[in-house]
$ cat upload_36.cif   # mmCIF, C-alpha atoms
data_protein
loop_
_atom_site.label_atom_id
_atom_site.label_comp_id
_atom_site.auth_asym_id
_atom_site.auth_seq_id
_atom_site.Cartn_x
_atom_site.Cartn_y
_atom_site.Cartn_z
CA MET L 1 42.40 85.20 59.53
CA ARG L 2 46.13 85.37 58.88
CA ILE L 3 46.93 85.95 55.22
CA TYR L 4 50.38 85.27 53.78
CA LEU L 5 51.76 86.25 50.37
CA ASP L 6 54.81 84.23 49.40
CA ASP L 7 55.36 83.29 53.06
CA CYS L 8 55.22 86.92 54.22
CA GLN L 9 52.35 87.75 56.59
CA THR L 10 50.22 90.68 55.44
CA ASN L 11 47.93 93.07 57.29
CA ILE L 12 44.99 92.18 55.06
CA ASP L 13 41.80 91.81 57.08
CA ALA L 14 39.07 89.52 55.76
CA LYS L 15 36.07 87.70 57.20
CA ASP L 16 36.17 84.75 54.81
CA VAL L 17 38.32 83.11 52.12
CA ALA L 18 36.60 84.90 49.24
CA GLU L 19 37.18 88.32 50.75
CA GLY L 20 40.79 87.43 51.55
CA LEU L 21 41.45 86.22 48.03
CA ALA L 22 39.92 89.32 46.47
CA ALA L 23 41.95 91.65 48.68
CA ALA L 24 45.16 89.72 48.10
CA ALA L 25 44.54 89.66 44.34
CA ARG L 26 44.33 93.45 44.29
CA VAL L 27 47.66 93.68 46.08
CA VAL L 28 49.53 91.25 43.85
CA GLU L 29 48.03 92.63 40.64
CA GLY L 30 49.27 96.05 41.66
CA ASN L 31 52.75 94.51 41.77
CA GLY L 32 52.35 92.95 38.33
CA ARG L 33 52.00 89.43 39.68
CA MET L 34 49.22 86.87 40.03
CA ILE L 35 48.16 84.24 42.55
CA VAL L 36 49.17 80.74 41.43
CA ASP L 37 48.67 78.62 44.54
CA VAL L 38 46.16 78.74 47.39
CA GLN L 39 46.36 76.90 50.70
CA VAL L 40 43.63 77.20 53.32
CA ASP L 41 44.60 75.98 56.77
CA GLY L 42 47.39 73.91 55.25
CA VAL L 43 45.24 72.32 52.53
CA ALA L 44 45.91 73.13 48.87
CA TRP L 45 42.78 74.22 47.01
CA SER L 46 42.13 73.34 43.39
CA GLU L 47 40.43 75.53 40.77
CA GLU L 48 37.21 73.62 41.45
CA ASP L 49 37.46 74.45 45.16
CA LEU L 50 38.04 78.12 44.41
CA ALA L 51 35.04 78.20 42.08
CA ASN L 52 32.78 76.73 44.79
CA GLY L 53 30.94 79.55 46.52
CA GLU L 54 30.25 77.45 49.59
CA PHE L 55 33.96 76.79 50.01
CA THR L 56 35.10 80.39 49.56
CA ALA L 57 32.41 81.67 51.93
CA ARG L 58 34.12 79.83 54.77
CA SER L 59 36.27 81.51 57.36
CA ALA L 60 39.73 80.13 58.03
CA GLY L 61 42.59 80.49 60.43
CA GLU L 62 45.25 80.85 57.77
CA LEU L 63 45.34 81.64 54.07
CA ARG L 64 48.67 81.16 52.29
CA LEU L 65 49.06 82.38 48.73
CA ALA L 66 51.95 81.92 46.33
CA THR L 67 52.42 84.37 43.48
CA ALA L 68 54.35 84.55 40.24
CA HIS L 69 54.91 86.96 37.39
CA PRO L 70 52.61 86.12 34.44
CA ALA L 71 55.66 85.81 32.19
CA THR L 72 56.91 82.97 34.38
CA LEU L 73 53.71 80.99 33.94
CA LEU L 74 53.57 81.64 30.22
CA ARG L 75 57.23 80.70 29.83
CA ASP L 76 56.60 77.38 31.53
CA THR L 77 53.51 76.85 29.37
CA MET L 78 55.48 77.44 26.18
CA MET L 79 58.25 75.09 27.31
CA HIS L 80 55.69 72.37 28.03
CA ALA L 81 54.07 73.09 24.67
CA ALA L 82 57.41 72.65 22.88
CA ASP L 83 57.84 69.28 24.57
CA ALA L 84 54.27 68.37 23.60
CA VAL L 85 55.00 69.18 19.95
CA LEU L 86 57.96 66.82 19.93
CA ASN L 87 55.78 64.18 21.56
CA ALA L 88 53.08 64.69 18.94
CA GLU L 89 55.69 64.28 16.21
CA GLU L 90 56.77 60.95 17.66
CA ILE L 91 53.15 59.79 17.87
CA GLN L 92 52.59 60.83 14.26
CA ARG L 93 55.60 58.89 13.05
CA ASN L 94 54.32 55.83 14.86
CA ALA L 95 50.89 56.37 13.31
CA ALA L 96 52.43 56.51 9.84
CA LYS L 97 54.38 53.29 10.44
CA LEU L 98 51.24 51.53 11.60
CA MET L 99 49.35 52.67 8.53
CA GLN L 100 52.16 51.56 6.23
CA SER L 101 52.09 48.11 7.82
CA ASP L 102 48.37 47.63 7.13
CA ARG L 103 47.35 48.49 10.69
CA PHE L 104 45.34 51.51 9.63
CA GLY L 105 42.87 51.43 12.53
CA GLU L 106 45.65 51.54 15.11
CA GLY L 107 47.44 54.20 13.12
CA LEU L 108 44.31 56.33 12.98
CA GLN L 109 43.91 56.14 16.75
CA SER L 110 47.50 57.31 17.19
CA LEU L 111 46.93 60.11 14.72
CA LEU L 112 43.84 61.30 16.59
CA GLU L 113 45.91 61.31 19.79
CA ALA L 114 48.52 63.49 18.10
CA LEU L 115 45.88 65.86 16.74
CA ALA L 116 44.50 66.27 20.27
CA VAL L 117 47.98 67.32 21.40
CA TRP L 118 48.19 69.85 18.58
CA GLY L 119 44.81 71.24 19.60
CA SER L 120 46.01 71.72 23.16
CA VAL L 121 49.19 73.42 21.96
CA GLN L 122 47.28 75.81 19.71
CA THR L 123 44.95 76.70 22.57
CA ALA L 124 47.88 77.32 24.92
CA VAL L 125 49.56 79.66 22.43
CA SER L 126 46.34 81.54 21.67
CA ARG L 127 45.44 82.02 25.33
CA GLY L 128 49.00 82.91 26.21
CA LEU L 129 49.18 85.69 23.64
CA SER L 130 45.81 87.03 24.80
CA LEU L 131 47.40 87.86 28.17
CA GLY L 132 49.25 90.72 26.48
CA ILE L 133 52.58 89.92 28.13
CA VAL L 134 54.38 90.11 24.81
CA SER L 135 53.11 91.47 21.49
CA ARG L 136 53.43 89.99 18.04
CA GLU L 137 55.30 93.13 16.99
CA ALA L 138 57.87 92.60 19.74
CA LEU L 139 58.34 88.99 18.66
CA VAL L 140 58.91 90.06 15.05
CA ARG L 141 61.56 92.51 16.21
CA ARG L 142 63.22 89.66 18.09
CA GLY L 143 63.19 87.49 14.96
CA ILE L 144 60.68 85.02 16.40
CA ASP L 145 58.55 83.78 13.53
CA LEU L 146 55.32 83.18 15.44
CA ASP L 147 52.90 83.92 12.61
CA GLY L 148 54.96 82.00 10.06
CA ALA L 149 55.03 78.90 12.26
CA ILE L 150 51.28 79.15 12.89
CA VAL L 151 50.48 79.55 9.18
CA ALA L 152 52.72 76.59 8.30
CA LEU L 153 51.04 74.42 10.92
CA ASP L 154 47.55 75.42 9.78
CA GLY L 155 48.46 74.57 6.21
CA ARG L 156 49.88 71.19 7.15
CA LEU L 157 46.83 70.35 9.25
CA ARG L 158 44.54 71.27 6.35
CA THR L 159 46.51 69.00 4.04
CA LEU L 160 46.22 66.19 6.53
CA ARG L 161 42.50 66.83 7.02
CA ASP L 162 41.89 66.74 3.27
CA ALA L 163 43.74 63.43 2.97
CA MET L 164 41.69 61.99 5.83
CA LEU L 165 38.42 63.15 4.28
CA ALA L 166 39.46 61.57 0.98
CA GLN L 167 40.43 58.41 2.89
CA ASP L 168 43.74 58.51 1.04
CA ARG L 169 45.86 56.31 3.27
CA THR L 170 49.04 56.85 1.27
CA ALA L 171 48.68 60.62 1.39
CA ILE L 172 48.04 60.52 5.14
CA SER L 173 51.08 58.42 5.95
CA ASP L 174 53.31 60.42 3.56
CA CYS L 175 52.19 63.68 5.16
CA LEU L 176 52.95 62.35 8.63
CA MET L 177 56.24 60.72 7.76
CA TYR L 178 57.78 63.15 5.28
CA GLU L 179 55.99 66.50 5.37
CA PHE L 180 54.97 67.12 8.97
CA PRO L 181 58.39 66.72 10.67
CA GLU L 182 59.72 70.01 9.28
CA THR L 183 56.56 71.82 10.39
CA SER L 184 56.79 70.30 13.87
CA LYS L 185 60.45 71.27 14.20
CA ARG L 186 59.68 74.83 13.09
CA PHE L 187 56.85 75.15 15.61
CA ALA L 188 58.87 73.67 18.48
CA THR L 189 61.77 76.01 17.68
CA MET L 190 59.41 78.98 17.72
CA LEU L 191 57.98 77.93 21.09
CA ALA L 192 61.44 77.55 22.59
CA ALA L 193 62.41 81.02 21.34
CA LEU L 194 59.16 82.43 22.74
CA ALA L 195 59.88 80.82 26.12
CA GLN L 196 63.34 82.39 26.11
CA GLU L 197 61.87 85.81 25.34
CA LEU L 198 59.41 85.42 28.20
CA ALA L 199 62.27 84.48 30.52
CA SER L 200 63.92 87.79 29.58
CA ILE L 201 60.71 89.68 30.34
CA GLU L 202 60.48 87.94 33.68
CA ALA L 203 64.09 88.80 34.52
CA GLN L 204 63.53 92.45 33.64
CA ALA L 205 60.41 92.59 35.81
CA THR L 206 62.27 90.98 38.71
CA ALA L 207 65.13 93.47 38.39
CA LYS L 208 62.69 96.39 38.58
CA ALA L 209 60.87 94.98 41.61
#
$ encode --input "upload_36.cif" --output "structure tokens"
Amino acid sequence: MRIYLDDCQTNIDAKDVAEGLAAAARVVEGNGRMIVDVQVDGVAWSEEDLANGEFTARSAGELRLATAHPATLLRDTMMHAADAVLNAEEIQRNAAKLMQSDRFGEGLQSLLEALAVWGSVQTAVSRGLSLGIVSREALVRRGIDLDGAIVALDGRLRTLRDAMLAQDRTAISDCLMYEFPETSKRFATMLAALAQELASIEAQATAKA
């Protein structure tokens, strides 16, 4: 089986896809990178394919793997998260307008959609930081207010939750229309700064390679 890393053929010898992936992973991890795309005999494999033992036990003629520095992936994730925050803000404003025009049911559906986006963003940030690519201490030194933005968001979400539990429609719409925008802007700004810091880490790693 021929095994390629970033279009360069390697001398890795493997009897099946699983063995080839494991061997390639050891090589790329030693270089501070990770596998981000897998093609087996010209067919791109999804995460589900890779998790299927029957699939990975197959032999193949060619295994092509693309790699990237973890900072690159996390940078892209933070940029997408910043865009998602701005999208959530727009959805929330629309929800507030619907509620103020006596279309509370529609507004609530929009609000739940926005809250789902926020949940995804929080998960992305939490998982991203767990990779250890950049520390909270390093972000503080760079003037990136990660913890402050997270605390502000948590507080705003609690306020919104309390208003929803109390079924206080006025408080909900006021929070969305007048209070949340500043929090959203702060969080999006933090994410953009974090993405920029990760781009710097990526550039430094590339220069050392």
$ closest_atom_pairs --input "upload_36.cif" --of "stretch 41-101 of chain L" --to "stretch 182-186 of chain L" --cutoff "10 Å" --atoms "all atoms listed in the file" --output "CSV"
residue,atom,partner,partner_atom,distance
L:Ala82,CA,L:Lys185,CA,9.3
L:Val85,CA,L:Ser184,CA,6.4
L:Leu86,CA,L:Ser184,CA,7.1
L:Asn87,CA,L:Ser184,CA,9.9
L:Ala88,CA,L:Ser184,CA,8.4
L:Glu89,CA,L:Ser184,CA,6.6
$ atom_distance --input "upload_36.cif" --atom1 "atom CA of L:Asp102" --atom2 "atom CA of L:Phe180"
20.7 Å
$ residues_around --input "upload_36.cif" --residues "stretch 36-50 of chain L" --least-positions-apart "5" --cutoff "12 Å" --atoms "all atoms listed in the file" --output "number ranges by chain"
L: 1-7, 16-18, 20-22, 24-25, 28-29, 55-70, 72-73
$ resolve_selection --input "upload_36.cif" --expression "the PyMOL selection byres ((chain L and resi 164) around 12)" --output "list in words"
Phe104, Leu108, Leu111, Leu112, Leu157, Arg158, Thr159, Leu160, Arg161, Asp162, Ala163, Leu165, Ala166, Gln167, Asp168, Arg169, Thr170, Ala171, Ile172, Ser173, Asp174, Cys175 and Leu176 of chain L
$ residues_around --input "upload_36.cif" --residues "L:Met190" --least-positions-apart "5" --cutoff "12 Å" --atoms "all atoms listed in the file" --output "JSON, numbers by chain"
{"L": [78, 79, 81, 82, 83, 85, 125, 139, 140, 142, 143, 144, 145, 146, 147, 148, 149, 150, 152, 153, 183, 184, 185, 195, 196, 197]}
$ decode --input "upload_36.cif" --residues "stretch 84-100 of chain L" --atoms "all heavy atoms" --output "compact mmCIF listing (two decimals), in the first residue's frame"
# COMPACT_ATOMS: atom_id res chain seq x y z
N ALA L 84 -20.47 32.76 13.92
CA ALA L 84 -21.68 32.17 14.50
C ALA L 84 -22.28 33.07 15.57
O ALA L 84 -23.50 33.19 15.69
CB ALA L 84 -21.36 30.79 15.09
N VAL L 85 -21.42 33.73 16.34
CA VAL L 85 -21.89 34.65 17.38
C VAL L 85 -22.67 35.81 16.75
O VAL L 85 -23.74 36.19 17.24
CB VAL L 85 -20.71 35.19 18.21
CG1 VAL L 85 -21.14 36.39 19.06
CG2 VAL L 85 -20.16 34.09 19.11
N LEU L 86 -22.13 36.36 15.69
CA LEU L 86 -22.81 37.46 15.01
C LEU L 86 -24.14 36.99 14.42
O LEU L 86 -25.12 37.73 14.42
CB LEU L 86 -21.90 38.02 13.92
CG LEU L 86 -20.58 38.63 14.42
CD1 LEU L 86 -19.74 39.12 13.23
CD2 LEU L 86 -20.83 39.76 15.41
N ASN L 87 -24.16 35.75 13.94
CA ASN L 87 -25.40 35.18 13.42
C ASN L 87 -26.42 34.99 14.54
O ASN L 87 -27.61 35.29 14.37
CB ASN L 87 -25.11 33.84 12.75
CG ASN L 87 -26.34 33.23 12.12
OD1 ASN L 87 -27.07 33.88 11.39
ND2 ASN L 87 -26.59 31.96 12.41
N ALA L 88 -25.95 34.52 15.68
CA ALA L 88 -26.84 34.33 16.83
C ALA L 88 -27.42 35.67 17.27
O ALA L 88 -28.60 35.77 17.64
CB ALA L 88 -26.08 33.68 17.99
N GLU L 89 -26.60 36.72 17.23
CA GLU L 89 -27.08 38.05 17.62
C GLU L 89 -28.20 38.52 16.70
O GLU L 89 -29.20 39.09 17.15
CB GLU L 89 -25.91 39.03 17.58
CG GLU L 89 -26.27 40.47 17.85
CD GLU L 89 -26.92 40.67 19.20
OE1 GLU L 89 -26.62 39.91 20.15
OE2 GLU L 89 -27.77 41.57 19.32
N GLU L 90 -28.04 38.26 15.41
CA GLU L 90 -29.07 38.64 14.45
C GLU L 90 -30.37 37.86 14.71
O GLU L 90 -31.48 38.43 14.66
CB GLU L 90 -28.58 38.39 13.03
CG GLU L 90 -29.55 38.84 11.94
CD GLU L 90 -28.99 38.65 10.55
OE1 GLU L 90 -27.77 38.40 10.42
OE2 GLU L 90 -29.78 38.73 9.58
N ILE L 91 -30.22 36.58 14.98
CA ILE L 91 -31.39 35.74 15.28
C ILE L 91 -32.10 36.24 16.54
O ILE L 91 -33.33 36.29 16.61
CB ILE L 91 -30.96 34.27 15.45
CG1 ILE L 91 -30.42 33.72 14.14
CG2 ILE L 91 -32.16 33.42 15.91
CD1 ILE L 91 -29.80 32.33 14.27
N GLN L 92 -31.31 36.63 17.54
CA GLN L 92 -31.89 37.11 18.79
C GLN L 92 -32.65 38.42 18.60
O GLN L 92 -33.72 38.62 19.18
CB GLN L 92 -30.78 37.30 19.84
CG GLN L 92 -30.22 35.99 20.36
CD GLN L 92 -28.99 36.14 21.20
OE1 GLN L 92 -28.35 35.16 21.54
NE2 GLN L 92 -28.62 37.36 21.55
N ARG L 93 -32.11 39.29 17.79
CA ARG L 93 -32.80 40.55 17.51
C ARG L 93 -34.14 40.27 16.82
O ARG L 93 -35.16 40.90 17.14
CB ARG L 93 -31.93 41.45 16.63
CG ARG L 93 -30.77 42.12 17.37
CD ARG L 93 -29.98 43.01 16.42
NE ARG L 93 -28.92 43.71 17.10
CZ ARG L 93 -29.07 44.87 17.72
NH1 ARG L 93 -30.27 45.45 17.74
NH2 ARG L 93 -28.05 45.44 18.32
N ASN L 94 -34.11 39.34 15.89
CA ASN L 94 -35.35 38.97 15.20
C ASN L 94 -36.34 38.36 16.18
O ASN L 94 -37.55 38.64 16.12
CB ASN L 94 -35.04 37.98 14.08
CG ASN L 94 -36.27 37.59 13.30
OD1 ASN L 94 -36.95 38.42 12.72
ND2 ASN L 94 -36.59 36.30 13.29
N ALA L 95 -35.83 37.55 17.11
CA ALA L 95 -36.70 36.94 18.12
C ALA L 95 -37.36 38.02 18.97
O ALA L 95 -38.56 37.95 19.28
CB ALA L 95 -35.89 35.99 19.00
N ALA L 96 -36.58 39.01 19.37
CA ALA L 96 -37.12 40.09 20.19
C ALA L 96 -38.19 40.87 19.44
O ALA L 96 -39.24 41.21 20.01
CB ALA L 96 -35.99 41.04 20.61
N LYS L 97 -37.97 41.13 18.17
CA LYS L 97 -38.95 41.86 17.36
C LYS L 97 -40.26 41.07 17.24
O LYS L 97 -41.35 41.63 17.30
CB LYS L 97 -38.38 42.17 15.98
CG LYS L 97 -37.24 43.19 16.01
CD LYS L 97 -36.65 43.38 14.61
CE LYS L 97 -35.50 44.37 14.64
NZ LYS L 97 -34.87 44.54 13.29
N LEU L 98 -40.12 39.77 17.06
CA LEU L 98 -41.31 38.92 16.97
C LEU L 98 -42.09 38.96 18.28
O LEU L 98 -43.33 39.05 18.28
CB LEU L 98 -40.91 37.48 16.63
CG LEU L 98 -40.41 37.24 15.20
CD1 LEU L 98 -39.81 35.85 15.08
CD2 LEU L 98 -41.55 37.42 14.20
N MET L 99 -41.37 38.88 19.38
CA MET L 99 -42.04 38.90 20.68
C MET L 99 -42.73 40.22 20.94
O MET L 99 -43.83 40.27 21.51
CB MET L 99 -41.01 38.61 21.79
CG MET L 99 -40.48 37.19 21.78
SD MET L 99 -39.21 36.93 23.05
CE MET L 99 -38.74 35.23 22.72
N GLN L 100 -42.09 41.31 20.51
CA GLN L 100 -42.67 42.63 20.72
C GLN L 100 -43.88 42.88 19.82
O GLN L 100 -44.66 43.79 20.08
CB GLN L 100 -41.60 43.70 20.49
CG GLN L 100 -40.52 43.71 21.57
CD GLN L 100 -39.35 44.63 21.22
OE1 GLN L 100 -39.23 45.09 20.09
NE2 GLN L 100 -38.49 44.88 22.20
